[in-house]
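J.: Structure below; questions to follow.
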Amino acid sequence: MRAFVAIAAVLAAAGCKSGGAGDVDAGAVGCIERNPPEPAHVHTDGMTHAGLECFTCHQPGGAAGIVFEFAGTVFTRDNGPEGGVHIRIRDSLDRIRVEQTDDAGNFYVRAGSGLAFPVFVDVSACPTTERMNAMLTSPSQGNCNMCHDGGVLGRISINP
Ligand code: HEC
Ligand code: HEC
């Protein structure tokens with residue numbers, strides 16, 4: 001049985017309240033220490049599906065039968081799996097959810113998180129925090145690898 005990836009509902013006291021949408025400073029809540037990663041979920045086809053668009057199957061009516069609200073993969077600079085780093089999601093009500101990447105670099109948040117769009121996201125491993133400047137505005141954008149496909153837009157990475 002696969003270990004469940006720890007979900008840390010972090011009540012990060014934002015050091016400074018932002019003036020409005022668009023200028024939330026993820027750095028204000030500090031970096032998150034890297035941890036040893038949990039083993040990735042290996043699908044019945046033997047793959048972790050790292051780098052693929054998780055929502056292809058993990059959406060309502062999808063093949064997985066398990067719906068995710070956020071999911072993707074973090075890569076190292078040389079395109080390897082970046083395990084044990086943290087994805088931080090800050091929703092429109094300033095609630096923060098943190099997920100740790102597994103040893104394939106994958107992370108996910110199951111449906112029912114209660115997080116409200118739009119959200120800001122960053123990836124953190126002390127001393128570095130890489131923030132996505134734009135907000136994710138709709139639930140379909142929880143499918144991180146849809147845009148971060150390694151093409152024109154690179155993979156999600158922390159590049160320590
Ligand atoms: C081609 C379809 C497909 C893709 C793409 C896919 N999955 Fe899955 N996933 C499944 C199916 C089917 C299951 C259930 C059976 C299994 O484990 O293979 C599943 C199960 C899971 C589970 C177990 C969930 C639970 O509650 O037991 C996790 C975790 C998971 N997938 C993560 C991911 C992540 C993260 C991605 C993207 C990086 C992803 N999957 C991409 C089809 C897919
Ligand atoms: C609709 C396309 C799109 C989706 C979906 C998307 N991103 Fe991004 N992301 C971008 C673009 C474009 C940039 C560069 C400009 C910026 O920062 O806004 C970026 C930049 C980033 C960065 C900073 C650069 C880096 O790689 O360190 C991080 C971190 C990031 N995104 C994480 C995520 C995560 C996590 C998700 C899913 C929860 C996600 N993104 C979903 C388009 C997207």
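Letters for chains follow the order of the structure tokens (A, B, ...), residue numbers begin at 1 for each chain, and ligand numbers begin at 1 in the order shown.
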Distance limit 7 Å, reference ligand 1, atoms considered: only C-alpha atoms and all ligand atoms. Which residues make the cut? Give them as number ranges by chain.

T.: A: 41-45, 48-58, 63-66, 71-73, 106-108

J.: Can I get the selection written as an mmCIF file, in the first residue's frame, with C-alpha atoms?

T.:
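Output contents, as saved in part_14.cif:
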```
data_model
loop_
_atom_site.group_PDB
_atom_site.id
_atom_site.type_symbol
_atom_site.label_atom_id
_atom_site.label_comp_id
_atom_site.auth_asym_id
_atom_site.auth_seq_id
_atom_site.Cartn_x
_atom_site.Cartn_y
_atom_site.Cartn_z
ATOM 1 C CA HIS A 41 1.960 6.280 -7.024
ATOM 2 C CA VAL A 42 2.761 3.682 -9.648
ATOM 3 C CA HIS A 43 -0.239 3.205 -11.923
ATOM 4 C CA THR A 44 -1.448 -0.230 -12.910
ATOM 5 C CA ASP A 45 0.354 0.241 -16.228
ATOM 6 C CA THR A 48 4.003 7.286 -12.630
ATOM 7 C CA HIS A 49 2.838 9.444 -15.557
ATOM 8 C CA ALA A 50 5.252 12.158 -14.409
ATOM 9 C CA GLY A 51 5.081 15.114 -16.765
ATOM 10 C CA LEU A 52 1.810 14.072 -18.391
ATOM 11 C CA GLU A 53 -1.380 16.053 -18.018
ATOM 12 C CA CYS A 54 -2.923 14.382 -14.999
ATOM 13 C CA PHE A 55 -6.375 15.769 -15.798
ATOM 14 C CA THR A 56 -6.535 13.697 -18.962
ATOM 15 C CA CYS A 57 -7.699 10.926 -16.669
ATOM 16 C CA HIS A 58 -8.178 12.628 -13.302
ATOM 17 C CA ALA A 63 -10.574 7.090 -16.826
ATOM 18 C CA ALA A 64 -9.079 7.259 -13.339
ATOM 19 C CA GLY A 65 -12.370 7.665 -11.498
ATOM 20 C CA ILE A 66 -10.413 9.816 -9.055
ATOM 21 C CA ALA A 71 -1.834 18.084 -10.097
ATOM 22 C CA GLY A 72 1.463 18.223 -11.863
ATOM 23 C CA THR A 73 5.155 17.464 -11.761
ATOM 24 C CA ASN A 106 4.446 14.467 -8.824
ATOM 25 C CA PHE A 107 1.959 16.173 -6.553
ATOM 26 C CA TYR A 108 -1.824 16.329 -6.472
#
```

J.: Using DSSP assignments from the backbone, pull out every residue in region 70-137 of chain A that falls under strand (DSSP E) and give it to me as a ChimeraX atom specification.

T.: /A:70-75,86-90,96-100,106-110,120-125,128-131

J.: Could you write out that same residue set with N, CA and C atoms as an mmCIF file, in the first residue's frame?

T.:
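Just written: result_29.cif:
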```cif
data_model
loop_
_atom_site.group_PDB
_atom_site.id
_atom_site.type_symbol
_atom_site.label_atom_id
_atom_site.label_comp_id
_atom_site.auth_asym_id
_atom_site.auth_seq_id
_atom_site.Cartn_x
_atom_site.Cartn_y
_atom_site.Cartn_z
ATOM 1 N N PHE A 70 -5.835 19.888 -8.390
ATOM 2 C CA PHE A 70 -4.522 20.394 -8.781
ATOM 3 C C PHE A 70 -3.607 19.187 -8.935
ATOM 4 N N ALA A 71 -2.797 19.179 -9.957
ATOM 5 C CA ALA A 71 -1.834 18.084 -10.097
ATOM 6 C C ALA A 71 -0.808 18.446 -11.144
ATOM 7 N N GLY A 72 0.396 17.956 -10.909
ATOM 8 C CA GLY A 72 1.463 18.223 -11.863
ATOM 9 C C GLY A 72 2.759 17.582 -11.411
ATOM 10 N N THR A 73 3.844 18.064 -11.995
ATOM 11 C CA THR A 73 5.155 17.464 -11.761
ATOM 12 C C THR A 73 6.213 18.557 -11.706
ATOM 13 N N VAL A 74 7.108 18.430 -10.744
ATOM 14 C CA VAL A 74 8.241 19.356 -10.660
ATOM 15 C C VAL A 74 9.498 18.619 -11.118
ATOM 16 N N PHE A 75 10.263 19.281 -11.957
ATOM 17 C CA PHE A 75 11.475 18.686 -12.526
ATOM 18 C C PHE A 75 12.723 19.419 -12.052
ATOM 19 N N HIS A 86 8.038 21.575 -2.182
ATOM 20 C CA HIS A 86 6.646 21.880 -1.853
ATOM 21 C C HIS A 86 5.977 22.818 -2.847
ATOM 22 N N ILE A 87 4.758 22.458 -3.167
ATOM 23 C CA ILE A 87 3.877 23.311 -3.956
ATOM 24 C C ILE A 87 2.976 24.012 -2.962
ATOM 25 N N ARG A 88 2.896 25.305 -3.082
ATOM 26 C CA ARG A 88 2.030 26.061 -2.172
ATOM 27 C C ARG A 88 0.946 26.743 -2.999
ATOM 28 N N ILE A 89 -0.263 26.528 -2.576
ATOM 29 C CA ILE A 89 -1.412 27.103 -3.273
ATOM 30 C C ILE A 89 -2.078 28.078 -2.312
ATOM 31 N N ARG A 90 -2.228 29.312 -2.754
ATOM 32 C CA ARG A 90 -2.909 30.286 -1.909
ATOM 33 C C ARG A 90 -4.189 30.702 -2.628
ATOM 34 N N ILE A 96 -4.089 28.628 2.606
ATOM 35 C CA ILE A 96 -2.894 28.070 1.985
ATOM 36 C C ILE A 96 -2.874 26.565 2.138
ATOM 37 N N ARG A 97 -2.596 25.896 1.052
ATOM 38 C CA ARG A 97 -2.485 24.445 1.040
ATOM 39 C C ARG A 97 -1.107 24.111 0.490
ATOM 40 N N VAL A 98 -0.429 23.203 1.183
ATOM 41 C CA VAL A 98 0.918 22.829 0.767
ATOM 42 C C VAL A 98 0.952 21.340 0.472
ATOM 43 N N GLU A 99 1.540 20.984 -0.643
ATOM 44 C CA GLU A 99 1.721 19.584 -1.033
ATOM 45 C C GLU A 99 3.192 19.333 -1.311
ATOM 46 N N GLN A 100 3.640 18.143 -0.944
ATOM 47 C CA GLN A 100 5.038 17.795 -1.200
ATOM 48 C C GLN A 100 5.128 16.887 -2.422
ATOM 49 N N ASN A 106 5.896 14.229 -8.699
ATOM 50 C CA ASN A 106 4.446 14.467 -8.824
ATOM 51 C C ASN A 106 3.837 15.000 -7.530
ATOM 52 N N PHE A 107 2.765 15.737 -7.698
ATOM 53 C CA PHE A 107 1.959 16.173 -6.553
ATOM 54 C C PHE A 107 0.517 16.256 -7.030
ATOM 55 N N TYR A 108 -0.411 16.209 -6.100
ATOM 56 C CA TYR A 108 -1.824 16.329 -6.472
ATOM 57 C C TYR A 108 -2.647 16.733 -5.269
ATOM 58 N N VAL A 109 -3.781 17.349 -5.528
ATOM 59 C CA VAL A 109 -4.785 17.678 -4.517
ATOM 60 C C VAL A 109 -6.088 17.071 -5.014
ATOM 61 N N ARG A 110 -6.671 16.187 -4.214
ATOM 62 C CA ARG A 110 -7.919 15.556 -4.628
ATOM 63 C C ARG A 110 -9.076 16.546 -4.612
ATOM 64 N N PHE A 120 -2.998 31.627 -6.321
ATOM 65 C CA PHE A 120 -1.586 31.838 -6.626
ATOM 66 C C PHE A 120 -0.843 30.563 -6.255
ATOM 67 N N VAL A 121 0.201 30.257 -6.992
ATOM 68 C CA VAL A 121 0.999 29.069 -6.674
ATOM 69 C C VAL A 121 2.481 29.421 -6.641
ATOM 70 N N ASP A 122 3.197 28.687 -5.818
ATOM 71 C CA ASP A 122 4.643 28.750 -5.893
ATOM 72 C C ASP A 122 5.220 27.383 -5.559
ATOM 73 N N VAL A 123 6.490 27.230 -5.846
ATOM 74 C CA VAL A 123 7.213 26.002 -5.528
ATOM 75 C C VAL A 123 8.374 26.416 -4.653
ATOM 76 N N SER A 124 8.580 25.692 -3.567
ATOM 77 C CA SER A 124 9.563 26.151 -2.603
ATOM 78 C C SER A 124 10.437 25.018 -2.090
ATOM 79 N N ALA A 125 11.715 25.315 -1.959
ATOM 80 C CA ALA A 125 12.687 24.460 -1.273
ATOM 81 C C ALA A 125 13.752 25.432 -0.777
ATOM 82 N N THR A 128 15.094 28.732 -1.715
ATOM 83 C CA THR A 128 14.483 29.266 -2.937
ATOM 84 C C THR A 128 12.967 29.106 -2.944
ATOM 85 N N THR A 129 12.291 30.113 -3.429
ATOM 86 C CA THR A 129 10.869 29.987 -3.728
ATOM 87 C C THR A 129 10.649 30.549 -5.126
ATOM 88 N N GLU A 130 10.079 29.730 -5.993
ATOM 89 C CA GLU A 130 9.774 30.163 -7.360
ATOM 90 C C GLU A 130 8.280 30.379 -7.450
ATOM 91 N N ARG A 131 7.916 31.561 -7.759
ATOM 92 C CA ARG A 131 6.496 31.906 -7.777
ATOM 93 C C ARG A 131 5.995 32.044 -9.210
#
```

J.: With distances taken over only C-alpha atoms and all ligand atoms, which of A:Glu33, A:Asp103, A:Asp149, A:Asp94 is nearest to ligand 2?

T.: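 The shortest atom-to-atom distance to ligand 2 comes from A:Asp149.
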
J.: Rank nothing, just name the residue among A:Ser92, A:Gln59, A:Asn133, A:Ser140 nearest to ligand 2, using only C-alpha atoms and all ligand atoms.

T.: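 Of A:Ser92, A:Gln59, A:Asn133, A:Ser140, the one nearest ligand 2 is A:Asn133, counting only C-alpha atoms and all ligand atoms.
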
J.: In Å, with one decimal, what is the gap from atom 32 (C, counted along the ligand's line) of ligand 2 to CA of Asn35 (chain A)?

T.: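 If I compute the distance from atom 32 (C, counted along the ligand's line) of ligand 2 to CA of Asn35 (chain A), I get 19.0 Å.
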
J.: So the first atom is CA of Ser157 (chain A) and the second is CA of Gly62 (chain A); what is the distance between them in Å, to one decimal place?

T.: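 About the pair CA of Ser157 (chain A) and CA of Gly62 (chain A): they are 27.2 Å apart.
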
J.: Please determine, counting only C-alpha atoms and all ligand atoms, which residue among A:Arg95, A:Arg34, A:Arg155, A:Arg77 has the shortest atom-to-atom distance to ligand 2.

T.: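 Among the listed residues, A:Arg155 lies closest to ligand 2.
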
J.: Taking only C-alpha atoms and all ligand atoms into account, which of A:Ser113, A:Asn143, A:Thr76, A:Thr101 comes nearest ligand 2?

T.: A:Asn143

J.: Grab the atom 10 (C, counted along the ligand's line) of ligand 2 to CA of Gly112 (chain A) distance for me, in Å with one decimal place.

T.: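 Computing it gives 23.9 Å between the two atoms.
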
J.: Which is closest to ligand 2 among A:Gly142, A:Pro81, A:Gly151, A:Pro36, if we use only C-alpha atoms and all ligand atoms?

T.: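 Under the stated criterion, the closest residue is A:Gly142.
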
J.: Please identify all polymer residues within 7 Å of Phe117 (chain A), counting only C-alpha atoms, omitting same-chain residues fewer than 4 positions from it, and present them as a PyMOL selection string.

T.: chain A and resi 91-92+137-138
